Amino acid sequence: MLKTCACINLMSTPSSPIWLDAPNVGALEKEYLARAIDSGFVSTVGPFVPEFEQRMARWLGATAAVSTQSGTAALHVSLLESGVGDDDEVVLPALTFVATANPIRYVRARPVFVDVDLDSWTMDVDLCAQALTERTKVLLPVHLLGNPANMDALQTLARQHSLTIIEDATESLGATWNGAPMATFGDFGCLSFNGNKTMTTGGGGMVIGADPERLQHVKFLVNQARDESLGYYHPEVGLNYRMTNLEAALGLAQLARLDDFVARKQRFHEIYAEQLRGIRGIRLQREIGPGRSSWWLNAVFFEHEDINVSELQKALLARGVQCRRLFMPIVEFPPYQDFAKQPCTNSQRIYEHTICLPSSTLNAEHDVEHVCATLKELIG
């Protein structure tokens with residue numbers, strides 16, 4: 001049971017918050033932004049966007065990359081490029097942010113939700129196989145909180161049934177499977193550079209792919225489907241999903257620091273794992289197979305039913321420890337309740353018993369150690 005407030009106050013409170021997922025921006029980002037402003041290229045035309053795309057593709061070892069206005073936009077245009085439309089089915093995990101599901105409805109397709117594995121919190125491949133029908137067109141795995149889904153099994157399933165894979169890698173920049181970066185295993189991989197992600201462009205996202213022709217068409221679609229060789233001529237219905245040069249300049253600065261960001265997050269996870277091991281039913285998300293998580297967010301699952309997660313969250317926040325609940329399963333939301341074809345009990349259990357802990361690279365190792373000490377003091 002959570003300890004009383006009187007006992008909580010025995011511990012010192014940090015003078016500033018211990019950050020959950022705040023962005024790490026500073027002098028280098030100011031320099032790059034000033035460079036973009038001084039150049040006059042601040043909107044969607046200019047040199048910073050293509051340079052950012054090229055450098056990100058190189059960092060991932062990918063053939064090509066196309067920047068977008070958000071991770072949601074990246075998922076949307078990837079579905080369009082995959083030919084997904086009316087009443088096609090897309091299989092995805094129930095435990096993810098709602099932005100994974102919304103683009104499926106944008107293209108008037110049907111999301112098919114499956115439960116997740118209790119260890120990795122990623123899509124259960126056996127349940128995924130059971131959910132396939134003649135209408136299934138896409139598998140959409142999510143590398144939740146940076147932890148890779150079982151890509152070997154999913155790729156085998158996709159080959160057996162001639163399915164497209166679109167990776168939701170929006171939380172997993174820096175994670176790997178068999179040593180290769182996430183976002184490079186599917187027909188398309190989608191990244192997010194929202195302010196809370198491992199690196200940020202303020203907003204923004206990116207589509208990664210192995211087929212340069214398809215990626216060129218993605219780039220065409222996000223630019224209002226404009227055939228520039230003919231002036232303002234638009235042979236298809238396009239989208240205004242372009243990244244700006246200001247965003248790309250910020251991204252270039254962040255990309256220069258990305259290796260350090262990933263290393264720091266992985267070190268934070270080591271501290272959480274070391275200091276919370278064996279503590280009163282606490283269990284961390286687990287890597288599976290050859291997957292190596294980037295640990296965008298570290299989250300703890302409380303196995304004991306007497307731990308009131310909501311009250312614990314309030315107590316941590318009162319102590320200056322930023323934290324939040326995990327995503328509620330999407331099948332609980334009114335627009336998606338009719339798409340729940342199978343029970344998602346693991347997703348619900350993980351949601352009910354999990355808290356996400358400080359993982360921002362603004363923190364120091366001693367901040368993470370303080371979080372562990374606070375958590376142990378609170379739950380006894």
# chains A, B, ... in the order shown; residues from 1 in each chain; ligands from 1
>>> select_by_dssp(residues="segment 47-267 of chain A", states="strand (DSSP E)", output="ChimeraX atom specification")
/A:64-68,89-93,110-114,136-139,164-168,176-177,180-181,188-192,205-209
>>> write_last_selection(atoms="C-alpha atoms", output="tab-separated table (two decimals), in the first residue's frame")
chain	number	residue	atom	x	y	z
A	64	ALA	CA	15.84	7.15	-48.58
A	65	ALA	CA	13.89	9.38	-46.19
A	66	VAL	CA	11.11	11.92	-46.65
A	67	SER	CA	10.34	14.46	-43.94
A	68	THR	CA	6.76	15.24	-42.88
A	89	GLU	CA	-7.79	-4.11	-42.68
A	90	VAL	CA	-4.67	-3.03	-40.81
A	91	VAL	CA	-3.52	-5.11	-37.84
A	92	LEU	CA	-1.99	-3.18	-34.95
A	93	PRO	CA	-1.55	-3.49	-31.17
A	110	ARG	CA	-10.49	-0.81	-40.60
A	111	PRO	CA	-8.08	-1.13	-37.67
A	112	VAL	CA	-7.87	-4.66	-36.24
A	113	PHE	CA	-6.55	-4.52	-32.70
A	114	VAL	CA	-4.63	-7.37	-31.11
A	136	THR	CA	-5.86	-7.72	-44.29
A	137	LYS	CA	-3.43	-5.51	-46.17
A	138	VAL	CA	-0.96	-4.14	-43.64
A	139	LEU	CA	0.78	-5.17	-40.42
A	164	THR	CA	2.88	-4.76	-46.30
A	165	ILE	CA	4.67	-3.81	-43.07
A	166	ILE	CA	4.54	-0.21	-41.89
A	167	GLU	CA	6.65	0.24	-38.75
A	168	ASP	CA	5.45	2.73	-36.18
A	176	THR	CA	17.83	-1.97	-33.05
A	177	TRP	CA	16.84	-5.49	-34.06
A	180	ALA	CA	19.90	-2.88	-37.55
A	181	PRO	CA	17.94	0.29	-36.74
A	188	PHE	CA	7.90	1.90	-44.66
A	189	GLY	CA	9.12	3.08	-41.28
A	190	CYS	CA	7.66	6.14	-39.58
A	191	LEU	CA	9.49	8.46	-37.18
A	192	SER	CA	8.32	11.30	-34.97
A	205	GLY	CA	8.19	13.27	-38.67
A	206	MET	CA	9.77	11.17	-41.38
A	207	VAL	CA	9.05	8.24	-43.68
A	208	ILE	CA	11.88	5.75	-44.18
A	209	GLY	CA	11.93	3.26	-47.04
>>> closest_atom_pairs(of="segment 349-369 of chain A", to="segment 115-129 of chain A", cutoff="12 Å", atoms="only C-alpha atoms", output="Markdown table")
| residue | atom | partner | partner_atom | distance |
| --- | --- | --- | --- | --- |
| A:Arg349 | CA | A:Leu118 | CA | 8.9 |
| A:Ile350 | CA | A:Leu118 | CA | 7.6 |
| A:Tyr351 | CA | A:Trp121 | CA | 10.1 |
| A:His353 | CA | A:Leu118 | CA | 11.9 |
| A:Thr354 | CA | A:Trp121 | CA | 11.2 |
>>> write_last_selection(atoms="N, CA and C atoms", output="mmCIF file, in the first residue's frame")
data_model
loop_
_atom_site.group_PDB
_atom_site.id
_atom_site.type_symbol
_atom_site.label_atom_id
_atom_site.label_comp_id
_atom_site.auth_asym_id
_atom_site.auth_seq_id
_atom_site.Cartn_x
_atom_site.Cartn_y
_atom_site.Cartn_z
ATOM 1 N N ARG A 349 -4.255 -4.617 -18.514
ATOM 2 C CA ARG A 349 -3.527 -4.833 -17.257
ATOM 3 C C ARG A 349 -2.266 -3.975 -17.201
ATOM 4 N N ILE A 350 -1.543 -3.935 -18.299
ATOM 5 C CA ILE A 350 -0.323 -3.116 -18.324
ATOM 6 C C ILE A 350 -0.672 -1.652 -18.106
ATOM 7 N N TYR A 351 -1.715 -1.180 -18.775
ATOM 8 C CA TYR A 351 -2.142 0.218 -18.594
ATOM 9 C C TYR A 351 -2.481 0.510 -17.137
ATOM 10 N N HIS A 353 -1.512 -0.806 -14.389
ATOM 11 C CA HIS A 353 -0.501 -1.016 -13.361
ATOM 12 C C HIS A 353 0.862 -0.403 -13.689
ATOM 13 N N THR A 354 0.890 0.543 -14.608
ATOM 14 C CA THR A 354 2.180 1.059 -15.083
ATOM 15 C C THR A 354 2.277 2.574 -14.963
#
>>> residues_around(residues="segment 365-369 of chain A", least_positions_apart="4", cutoff="10 Å", atoms="only C-alpha atoms", output="compact mmCIF listing (two decimals) with C-alpha atoms, in the first residue's frame")
# COMPACT_ATOMS: atom_id res chain seq x y z
CA PRO A 14 14.63 18.42 -5.81
CA PRO A 17 11.68 18.95 -11.58
CA ILE A 18 13.19 15.68 -12.69
CA TRP A 19 12.04 15.71 -16.28
CA ARG A 264 22.15 8.47 -21.98
CA LYS A 265 18.67 6.96 -22.18
CA ARG A 267 22.27 4.29 -19.21
CA PHE A 268 19.19 5.58 -17.38
CA HIS A 269 17.51 2.25 -18.03
CA ILE A 271 20.16 2.47 -13.39
CA TYR A 272 16.43 1.79 -13.13
CA GLU A 274 19.83 -2.13 -11.18
CA GLN A 275 18.21 -0.14 -8.39
CA LEU A 276 14.62 -1.39 -8.71
CA VAL A 321 9.31 13.68 -10.09
CA LEU A 357 9.28 7.56 -15.14
CA PRO A 358 11.72 10.41 -15.92
CA SER A 359 13.76 9.63 -19.03
CA SER A 360 14.66 13.03 -20.48
CA THR A 361 18.30 13.53 -21.37
CA ALA A 373 15.05 6.12 -3.97
CA THR A 374 11.79 8.09 -3.92
CA LEU A 375 9.85 5.25 -5.48
>>> closest_residue(among="A:Gly26, A:Pro343, A:Gly40, A:Gly291", to="His143 of chain A", atoms="only C-alpha atoms")
A:Gly291
>>> closest_residue(among="A:Pro329, A:Gly278, A:Pro334, A:Gly320", to="His370 of chain A", atoms="only C-alpha atoms")
A:Gly320
>>> atom_distance(atom1="atom CA of Gln285 of chain A", atom2="atom CA of Ala256 of chain A")
28.5 Å
>>> residues_around(residues="Tyr106 of chain A", least_positions_apart="4", cutoff="12 Å", atoms="only C-alpha atoms", output="list of chain:residue names")
A:Thr72, A:Ala73, A:Leu75, A:His76, A:Val77, A:Ser78, A:Leu79, A:Leu80, A:Val84, A:Gly85, A:Asp86, A:Asp87, A:Ala99, A:Thr100, A:Ala101, A:Asn102, A:Arg110, A:Pro111
>>> write_last_selection(atoms="C-alpha atoms", output="mmCIF file, in the first residue's frame")
data_model
loop_
_atom_site.group_PDB
_atom_site.id
_atom_site.type_symbol
_atom_site.label_atom_id
_atom_site.label_comp_id
_atom_site.auth_asym_id
_atom_site.auth_seq_id
_atom_site.Cartn_x
_atom_site.Cartn_y
_atom_site.Cartn_z
ATOM 1 C CA THR A 72 0.934 10.935 -37.748
ATOM 2 C CA ALA A 73 1.435 12.440 -41.207
ATOM 3 C CA LEU A 75 1.815 7.035 -41.003
ATOM 4 C CA HIS A 76 -0.983 8.537 -43.102
ATOM 5 C CA VAL A 77 1.068 8.971 -46.256
ATOM 6 C CA SER A 78 2.629 5.513 -45.799
ATOM 7 C CA LEU A 79 -0.848 3.981 -45.748
ATOM 8 C CA LEU A 80 -1.783 5.943 -48.874
ATOM 9 C CA VAL A 84 -4.809 1.063 -48.268
ATOM 10 C CA GLY A 85 -8.405 2.181 -48.707
ATOM 11 C CA ASP A 86 -12.064 1.453 -48.076
ATOM 12 C CA ASP A 87 -12.588 -1.513 -45.719
ATOM 13 C CA ALA A 99 -2.076 8.426 -33.410
ATOM 14 C CA THR A 100 -1.179 4.924 -34.602
ATOM 15 C CA ALA A 101 -4.838 4.170 -35.276
ATOM 16 C CA ASN A 102 -6.224 7.500 -36.482
ATOM 17 C CA ARG A 110 -10.491 -0.808 -40.604
ATOM 18 C CA PRO A 111 -8.083 -1.130 -37.668
#
>>> closest_residue(among="A:Ala22, A:Ile279, A:Ala318, A:Val218", to="Phe301 of chain A", atoms="only C-alpha atoms")
A:Ile279
